[in-house]
>>> print(open('coords.cif').read())   # mmCIF, C-alpha atoms
data_coords
loop_
_atom_site.label_atom_id
_atom_site.label_comp_id
_atom_site.auth_asym_id
_atom_site.auth_seq_id
_atom_site.Cartn_x
_atom_site.Cartn_y
_atom_site.Cartn_z
CA MET L 1 8.65 -3.70 17.98
CA SER L 2 11.17 -5.44 15.72
CA PHE L 3 10.12 -7.43 12.67
CA SER L 4 10.25 -11.22 12.58
CA LEU L 5 9.14 -13.59 9.84
CA LYS L 6 5.56 -13.81 11.09
CA ASN L 7 5.28 -10.02 10.99
CA PHE L 8 5.37 -10.18 7.20
CA TRP L 9 1.80 -11.51 7.31
CA GLY L 10 -0.65 -8.64 7.64
CA VAL L 11 -4.33 -7.86 8.06
CA GLY L 12 -6.35 -4.68 7.65
CA LEU L 13 -7.33 -3.22 11.03
CA ARG L 14 -11.10 -2.69 11.28
CA PRO L 15 -12.81 -1.00 14.26
CA HIS L 16 -15.21 -3.87 14.96
CA HIS L 17 -12.16 -6.16 15.43
CA TYR L 18 -10.49 -4.02 18.12
CA GLU L 19 -11.56 -6.26 20.99
CA SER L 20 -10.48 -9.41 19.16
CA TRP L 21 -7.03 -8.00 18.50
CA LEU L 22 -6.58 -6.87 22.09
CA PHE L 23 -7.97 -9.85 23.95
CA ASP L 24 -8.16 -12.85 21.61
CA THR L 25 -5.03 -12.58 19.46
CA PRO L 26 -1.46 -13.25 20.65
CA PRO L 27 0.81 -10.17 20.48
CA GLY L 28 2.91 -9.96 17.34
CA LYS L 29 0.85 -12.53 15.43
CA CYS L 30 1.01 -10.34 12.33
CA THR L 31 1.26 -6.76 11.06
CA LEU L 32 -1.83 -4.53 11.27
CA GLU L 33 -2.67 -2.02 8.53
CA ALA L 34 -4.61 0.97 9.88
CA ILE L 35 -6.53 3.30 7.58
CA SER L 36 -5.05 6.73 8.29
CA GLU L 37 -8.32 8.63 7.92
CA ASN L 38 -9.91 6.62 10.75
CA TYR L 39 -7.59 8.42 13.20
CA LEU L 40 -6.64 11.79 11.71
CA TYR L 41 -9.53 13.84 13.04
CA HIS L 42 -9.70 12.59 16.63
CA ASN L 43 -8.22 14.46 19.59
CA GLY L 44 -9.01 11.54 21.85
CA GLY L 45 -11.77 8.97 22.21
CA PRO L 46 -12.06 5.23 21.53
CA ALA L 47 -10.34 5.13 18.12
CA LEU L 48 -7.03 6.57 19.33
CA TYR L 49 -7.32 4.70 22.63
CA TYR L 50 -7.48 1.35 20.85
CA LEU L 51 -4.80 2.32 18.33
CA ASP L 52 -2.42 3.28 21.14
CA GLN L 53 -3.00 -0.11 22.76
CA LEU L 54 -2.58 -2.05 19.55
CA VAL L 55 0.73 -0.47 18.52
CA GLU L 56 2.18 -1.86 21.74
CA ARG L 57 1.19 -5.38 20.65
CA PHE L 58 1.59 -5.47 16.86
CA PRO L 59 3.77 -3.93 14.13
CA LEU L 60 1.75 -1.25 12.32
CA VAL L 61 1.58 0.25 8.83
CA LEU L 62 -0.56 3.26 7.85
CA HIS L 63 -2.56 3.29 4.61
CA GLY L 64 -4.43 6.38 3.39
CA VAL L 65 -7.33 6.66 0.97
CA SER L 66 -7.79 10.42 0.41
CA LEU L 67 -4.40 12.02 -0.23
CA ASN L 68 -5.40 12.79 -3.85
CA PHE L 69 -1.73 12.52 -4.77
CA GLY L 70 -2.03 12.69 -8.56
CA SER L 71 -4.44 15.62 -8.80
CA ALA L 72 -3.57 18.99 -10.30
CA ASP L 73 -4.99 20.47 -7.08
CA PRO L 74 -2.55 21.32 -4.27
CA ILE L 75 -2.26 18.66 -1.59
CA ASP L 76 -4.29 19.59 1.50
CA ARG L 77 -1.73 20.93 3.99
CA ASN L 78 -4.08 20.43 6.93
CA TYR L 79 -4.34 16.75 5.97
CA ILE L 80 -0.54 16.51 5.79
CA GLN L 81 -0.05 18.09 9.21
CA ARG L 82 -2.57 15.71 10.77
CA LEU L 83 -0.91 12.74 9.08
CA LYS L 84 2.49 13.88 10.28
CA LYS L 85 1.17 14.07 13.85
CA LEU L 86 -0.29 10.55 13.57
CA ILE L 87 3.03 9.21 12.21
CA LYS L 88 4.86 10.61 15.21
CA ARG L 89 2.29 9.07 17.52
CA VAL L 90 2.24 5.49 16.23
CA LYS L 91 5.63 5.23 14.44
CA PRO L 92 4.49 3.01 11.53
CA SER L 93 7.08 1.19 9.46
CA VAL L 94 5.25 2.07 6.21
CA VAL L 95 3.06 5.08 5.29
CA SER L 96 1.16 4.78 2.02
CA ASP L 97 -1.62 6.02 -0.23
CA HIS L 98 -2.71 5.50 -3.84
CA LEU L 99 -1.07 6.55 -7.08
CA SER L 100 -4.24 8.13 -8.42
CA PHE L 101 -6.47 11.15 -8.02
CA SER L 102 -9.96 11.43 -6.59
CA ALA L 103 -10.76 15.16 -6.74
CA ILE L 104 -10.01 18.15 -8.93
CA GLY L 105 -11.19 21.73 -8.70
CA GLY L 106 -12.81 20.91 -5.38
CA LYS L 107 -15.07 18.28 -6.98
CA HIS L 108 -14.78 14.80 -5.48
CA SER L 109 -15.35 11.61 -7.44
CA HIS L 110 -15.35 9.35 -4.33
CA SER L 111 -13.42 6.90 -6.50
CA LEU L 112 -9.74 6.37 -7.26
CA ILE L 113 -9.08 7.53 -10.82
CA PRO L 114 -5.93 6.28 -12.58
CA LEU L 115 -3.30 8.63 -13.97
CA PRO L 116 -2.21 8.68 -17.62
CA ARG L 117 1.02 6.72 -17.96
CA ASP L 118 2.72 9.49 -19.88
CA PRO L 119 6.41 10.38 -19.29
CA LYS L 120 5.62 14.10 -19.36
CA TYR L 121 3.76 13.77 -16.03
CA LEU L 122 6.66 12.13 -14.23
CA LYS L 123 8.63 15.31 -13.49
CA SER L 124 5.74 17.02 -11.70
CA LEU L 125 4.79 13.83 -9.86
CA ARG L 126 8.36 13.30 -8.67
CA SER L 127 8.51 16.88 -7.42
CA ARG L 128 5.26 16.35 -5.53
CA LEU L 129 6.52 13.09 -4.06
CA LEU L 130 9.74 14.67 -2.82
CA TRP L 131 7.81 17.60 -1.33
CA LEU L 132 5.43 15.21 0.42
CA GLN L 133 8.25 13.26 2.03
CA ASP L 134 9.95 16.48 3.15
CA GLU L 135 6.71 17.69 4.75
CA LEU L 136 6.10 14.38 6.52
CA ASP L 137 9.79 13.82 7.31
CA HIS L 138 9.10 10.20 6.49
CA PRO L 139 9.51 7.96 3.43
CA PHE L 140 6.30 7.49 1.47
CA THR L 141 4.88 4.51 -0.40
CA LEU L 142 2.50 4.61 -3.37
CA GLU L 143 0.04 1.86 -4.29
CA ASN L 144 -0.92 0.81 -7.81
CA ILE L 145 -4.71 0.87 -8.26
CA PRO L 146 -6.92 -1.35 -10.47
CA ARG L 147 -7.64 0.25 -13.83
CA TYR L 148 -11.09 0.14 -15.37
CA LEU L 149 -10.36 2.64 -18.14
CA GLN L 150 -7.47 3.39 -20.49
CA TYR L 151 -6.05 6.67 -21.75
CA LYS L 152 -5.22 7.05 -25.43
CA ASN L 153 -1.83 8.53 -24.58
CA ASN L 154 -0.60 5.75 -22.27
CA GLU L 155 3.02 5.32 -23.33
CA MET L 156 4.37 3.23 -20.45
CA SER L 157 3.40 0.04 -18.68
CA GLU L 158 2.08 0.16 -15.12
CA VAL L 159 5.20 -1.04 -13.33
CA SER L 160 7.60 0.85 -15.61
CA PHE L 161 5.77 4.09 -14.85
CA ILE L 162 5.97 3.53 -11.09
CA MET L 163 9.63 2.46 -11.19
CA GLU L 164 10.48 5.65 -13.08
CA LEU L 165 8.50 7.74 -10.60
CA ILE L 166 10.03 6.46 -7.37
CA GLU L 167 13.62 5.95 -8.56
CA GLY L 168 16.03 8.05 -6.53
CA THR L 169 13.33 9.57 -4.31
CA GLY L 170 13.62 7.29 -1.27
CA ALA L 171 9.96 6.37 -1.82
CA GLY L 172 8.65 2.88 -2.47
CA LEU L 173 5.83 0.84 -3.97
CA LEU L 174 2.90 -0.83 -2.26
CA MET L 175 2.47 -3.59 -4.81
CA ASP L 176 -1.14 -4.70 -4.86
CA VAL L 177 -0.76 -7.89 -6.84
CA ASN L 178 -4.50 -8.36 -7.30
CA ASN L 179 -4.84 -4.80 -8.64
CA LEU L 180 -2.02 -5.51 -11.09
CA TYR L 181 -3.65 -8.77 -12.16
CA VAL L 182 -6.98 -6.97 -12.71
CA THR L 183 -5.33 -4.14 -14.65
CA CYS L 184 -3.37 -6.47 -16.91
CA SER L 185 -6.41 -8.62 -17.61
CA ASN L 186 -8.57 -5.61 -18.47
CA GLU L 187 -5.86 -4.07 -20.66
CA GLY L 188 -4.87 -7.32 -22.35
CA SER L 189 -1.30 -7.51 -21.03
CA ASP L 190 0.65 -10.25 -19.24
CA PRO L 191 0.78 -9.78 -15.43
CA VAL L 192 3.82 -12.07 -15.11
CA ALA L 193 5.74 -10.02 -17.68
CA GLU L 194 4.65 -6.87 -15.90
CA ILE L 195 5.68 -8.04 -12.42
CA ALA L 196 9.09 -8.96 -13.89
CA LYS L 197 9.82 -5.22 -14.23
CA LEU L 198 10.03 -4.81 -10.45
CA LYS L 199 13.44 -3.78 -9.18
CA PRO L 200 15.06 -5.34 -6.10
CA GLY L 201 14.02 -3.59 -2.90
CA CYS L 202 11.44 -1.30 -4.54
CA VAL L 203 8.44 -2.84 -2.73
CA ASN L 204 7.83 -1.67 0.84
CA GLN L 205 4.55 -3.55 1.26
CA TYR L 206 2.22 -5.93 -0.60
CA HIS L 207 -1.57 -6.19 -0.80
CA ILE L 208 -3.39 -9.38 -1.66
CA ALA L 209 -7.16 -9.63 -2.30
CA ALA L 210 -9.86 -11.26 -4.39
CA HIS L 211 -11.50 -10.14 -7.61
CA MET L 212 -14.67 -10.89 -9.52
CA ASP L 213 -15.09 -11.68 -13.22
CA ALA L 214 -17.98 -9.87 -14.92
CA GLU L 215 -18.12 -11.48 -18.36
CA GLY L 216 -14.38 -11.18 -18.91
CA PHE L 217 -13.90 -7.79 -17.24
CA LEU L 218 -12.33 -8.02 -13.78
CA TYR L 219 -13.12 -5.94 -10.70
CA ASP L 220 -11.09 -5.77 -7.52
CA THR L 221 -13.06 -6.93 -4.47
CA HIS L 222 -12.18 -7.44 -0.83
CA SER L 223 -14.33 -10.51 -0.34
CA GLY L 224 -14.37 -14.02 -1.72
CA LYS L 225 -11.62 -16.51 -2.45
CA ILE L 226 -8.28 -15.22 -3.71
CA LYS L 227 -7.43 -16.83 -7.04
CA PRO L 228 -4.39 -19.17 -7.22
CA GLU L 229 -2.89 -17.10 -10.03
CA VAL L 230 -2.86 -14.03 -7.74
CA TRP L 231 -1.03 -15.98 -5.03
CA GLN L 232 1.46 -17.10 -7.69
CA LEU L 233 1.96 -13.51 -8.81
CA LEU L 234 2.69 -12.53 -5.20
CA ASN L 235 5.33 -15.26 -4.99
CA LYS L 236 6.93 -13.92 -8.16
CA ALA L 237 6.94 -10.35 -6.83
CA ILE L 238 8.60 -11.44 -3.57
CA SER L 239 11.27 -13.35 -5.48
CA LEU L 240 12.08 -10.22 -7.50
CA SER L 241 11.82 -7.36 -5.01
CA GLY L 242 12.17 -9.08 -1.64
CA ALA L 243 9.98 -9.67 1.38
CA ALA L 244 7.86 -6.93 2.95
CA PRO L 245 4.61 -6.91 4.97
CA ILE L 246 1.84 -8.70 3.05
CA VAL L 247 -1.59 -7.34 3.99
CA LEU L 248 -4.66 -9.36 3.11
CA GLU L 249 -7.58 -7.03 2.37
CA ARG L 250 -11.03 -8.13 3.43
CA ASP L 251 -14.43 -6.42 3.64
CA ASP L 252 -15.23 -4.80 6.98
CA HIS L 253 -17.93 -7.33 7.84
CA GLU L 254 -15.67 -10.35 7.40
CA PRO L 255 -14.64 -12.10 10.64
CA LEU L 256 -10.96 -12.52 11.45
CA SER L 257 -11.38 -16.26 11.07
CA ALA L 258 -11.94 -15.74 7.33
CA THR L 259 -8.53 -14.08 7.12
CA TRP L 260 -6.75 -16.99 8.77
CA GLU L 261 -8.57 -19.37 6.43
CA ASP L 262 -7.29 -17.37 3.44
CA TRP L 263 -3.71 -17.60 4.69
CA ASP L 264 -3.97 -21.29 5.55
CA GLY L 265 -2.29 -23.59 3.08
CA GLN L 266 -0.75 -20.87 0.93
CA SER L 267 2.81 -21.33 -0.27
CA ILE L 268 4.06 -17.82 0.39
CA ALA L 269 6.19 -18.75 3.41
CA PRO L 270 9.03 -20.34 1.39
CA ALA L 271 9.23 -17.25 -0.83
CA VAL L 272 9.39 -14.97 2.20
CA GLU L 273 11.96 -17.18 3.91
CA SER L 274 14.21 -17.31 0.86
CA ALA L 275 13.99 -13.58 0.07
CA SER L 276 16.65 -11.28 1.47
CA ARG L 277 15.16 -9.42 4.42
CA VAL L 278 16.12 -6.40 6.48
CA ASN L 279 14.26 -4.40 9.09
CA ILE L 280 11.71 -2.55 6.95
CA ALA L 281 11.70 0.64 9.02
CA THR L 282 15.50 0.84 8.95
CA LYS L 283 15.64 0.20 5.21
CA LEU L 284 13.12 2.95 4.45
CA SER L 285 14.75 5.45 6.80
CA ASP L 286 18.20 4.87 5.30
CA ARG L 287 16.91 5.13 1.74
CA TYR L 288 14.84 8.24 2.44
CA HIS L 289 17.53 10.15 4.33
CA SER L 290 20.06 9.43 1.58
CA VAL L 291 17.93 11.59 -0.73
CA SER L 292 18.36 15.36 -0.49
CA SER L 293 15.44 16.87 -2.34
CA GLY L 294 14.81 20.51 -1.46
CA ALA L 295 11.60 20.05 -3.45
CA SER L 296 8.67 22.42 -3.52
CA LEU L 297 5.06 21.71 -4.34
#
>>> encode(input="coords.cif", output="structure tokens")
Amino acid sequence: MSFSLKNFWGVGLRPHHYESWLFDTPPGKCTLEAISENYLYHNGGPALYYLDQLVERFPLVLHGVSLNFGSADPIDRNYIQRLKKLIKRVKPSVVSDHLSFSAIGGKHSHSLIPLPRDPKYLKSLRSRLLWLQDELDHPFTLENIPRYLQYKNNEMSEVSFIMELIEGTGAGLLMDVNNLYVTCSNEGSDPVAEIAKLKPGCVNQYHIAAHMDAEGFLYDTHSGKIKPEVWQLLNKAISLSGAAPIVLERDDHEPLSATWEDWDGQSIAPAVESASRVNIATKLSDRYHSVSSGASL
């Protein structure tokens, strides 16, 4: 399915909304973001049945939560082979996971832990990123996470670190503007100055969500009203890097009507319309296949 302007609006796909998407929502209304892990370990059954039906009606992106990309542990090859099989099955325009780690030495934190923003880590991370894309035979996209702790040896800003990591790899950024806003607030930096470091075309996808303020310390949430300053930051990001699917993240229990209410009245459309746009899948494929890595893990 080809992209049109309305496909740049996106929603997280949740299992209890399957019937609504299939029977109550016009085809192509927006992009759907499926959580990769919800489908990796099925050889059949309802989950894959519904996913197969939905990819015929809506553009799809895949978003993972357990790659453990930034860990010193080797990436799970069984996970990669399953993800590769799912990519071939549903042909998503974007495949992503988080720039973080969640396990080391076989011990799982069940949380996304940020990486030190230290230039000495970039070489090994770039090698891992190139290896990952070679294994998947698909361009990969990394998401910035919210930071609730700081490392003493942070030498680079959030966006500068990511730009340095993905440059020349064919990979891209999933810019979660709410995560960036939360991180900058908690670290005492300016989110507008930080978003200004984005390079044209580096963003393959955006996330937008709400956050809560706990006595001056912010936490990313997927419920509640999205703050106007976060919408404004998204507009700024689009003006700098260009349009890409914008997925609104909501809690699983939220009805789809809450999503449409969040979109209603927002001023993102002019920014999307004025940004230079190409077919996302074509752009990623061209950029990825122009990179010859020969990387090893």
>>> residues_around(input="coords.cif", residues="Arg57 (chain L)", least_positions_apart="5", cutoff="9 Å", atoms="all atoms listed in the file", output="PyMOL selection string")
chain L and resi 1+21-22+26-29
>>> closest_residue(input="coords.cif", among="L:Asp118, L:Asp76, L:Glu187, L:Glu167", to="Glu135 (chain L)", atoms="all atoms listed in the file")
L:Asp76
>>> closest_residue(input="coords.cif", among="L:Trp9, L:Phe69, L:Tyr219, L:Tyr121", to="Met156 (chain L)", atoms="all atoms listed in the file")
L:Tyr121
>>> resolve_selection(input="coords.cif", expression="the PyMOL selection byres ((chain L and resi 100) around 6)", output="list in words")
Gly70, His98, Leu99, Phe101, Leu112, Ile113, Pro114 and Leu115 of chain L
>>> atom_distance(input="coords.cif", atom1="CA of Val94 (chain L)", atom2="CA of Leu62 (chain L)")
6.2 Å
>>> resolve_selection(input="coords.cif", expression="the PyMOL selection byres ((chain L and resi 213) around 12)", output="list in words")
Tyr181, Val182, Ser185, Asn186, Ala210, His211, Met212, Ala214, Glu215, Gly216, Phe217, Leu218, Tyr219, Asp220, Thr221, Gly224 and Lys227 of chain L
>>> closest_residue(input="coords.cif", among="L:Val65, L:Leu51, L:Val230, L:Ile238", to="Tyr39 (chain L)", atoms="all atoms listed in the file")
L:Leu51
>>> atom_distance(input="coords.cif", atom1="CA of Pro59 (chain L)", atom2="CA of Asp251 (chain L)")
21.2 Å
>>> closest_residue(input="coords.cif", among="L:Leu248, L:Ile75, L:Leu173, L:Cys184", to="Pro139 (chain L)", atoms="all atoms listed in the file")
L:Leu173
>>> residues_around(input="coords.cif", residues="Asn204 (chain L)", least_positions_apart="6", cutoff="10 Å", atoms="only C-alpha atoms", output="PyMOL selection string")
chain L and resi 93-96+140-143+171-175+241-246+280-281+283-284
>>> write_last_selection(input="coords.cif", atoms="C-alpha atoms", output="mmCIF file, keeping the file's coordinate frame")
data_model
loop_
_atom_site.group_PDB
_atom_site.id
_atom_site.type_symbol
_atom_site.label_atom_id
_atom_site.label_comp_id
_atom_site.auth_asym_id
_atom_site.auth_seq_id
_atom_site.Cartn_x
_atom_site.Cartn_y
_atom_site.Cartn_z
ATOM 1 C CA SER L 93 7.080 1.190 9.460
ATOM 2 C CA VAL L 94 5.250 2.070 6.210
ATOM 3 C CA VAL L 95 3.060 5.080 5.290
ATOM 4 C CA SER L 96 1.160 4.780 2.020
ATOM 5 C CA PHE L 140 6.300 7.490 1.470
ATOM 6 C CA THR L 141 4.880 4.510 -0.400
ATOM 7 C CA LEU L 142 2.500 4.610 -3.370
ATOM 8 C CA GLU L 143 0.040 1.860 -4.290
ATOM 9 C CA ALA L 171 9.960 6.370 -1.820
ATOM 10 C CA GLY L 172 8.650 2.880 -2.470
ATOM 11 C CA LEU L 173 5.830 0.840 -3.970
ATOM 12 C CA LEU L 174 2.900 -0.830 -2.260
ATOM 13 C CA MET L 175 2.470 -3.590 -4.810
ATOM 14 C CA SER L 241 11.820 -7.360 -5.010
ATOM 15 C CA GLY L 242 12.170 -9.080 -1.640
ATOM 16 C CA ALA L 243 9.980 -9.670 1.380
ATOM 17 C CA ALA L 244 7.860 -6.930 2.950
ATOM 18 C CA PRO L 245 4.610 -6.910 4.970
ATOM 19 C CA ILE L 246 1.840 -8.700 3.050
ATOM 20 C CA ILE L 280 11.710 -2.550 6.950
ATOM 21 C CA ALA L 281 11.700 0.640 9.020
ATOM 22 C CA LYS L 283 15.640 0.200 5.210
ATOM 23 C CA LEU L 284 13.120 2.950 4.450
#
>>> atom_distance(input="coords.cif", atom1="CA of Glu19 (chain L)", atom2="CA of Gly64 (chain L)")
22.8 Å
>>> residues_around(input="coords.cif", residues="Val192 (chain L)", least_positions_apart="4", cutoff="8 Å", atoms="all atoms listed in the file", output="PyMOL selection string")
chain L and resi 196+233+236
>>> residues_around(input="coords.cif", residues="Ser102 (chain L)", least_positions_apart="4", cutoff="7 Å", atoms="all atoms listed in the file", output="PyMOL selection string")
chain L and resi 68+108-113
>>> closest_residue(input="coords.cif", among="L:Leu136, L:Leu60, L:Ile226, L:Leu129", to="Cys30 (chain L)", atoms="only C-alpha atoms")
L:Leu60
>>> closest_residue(input="coords.cif", among="L:Ser127, L:Asn144, L:Ser189, L:Ser71", to="Val159 (chain L)", atoms="all atoms listed in the file")
L:Asn144
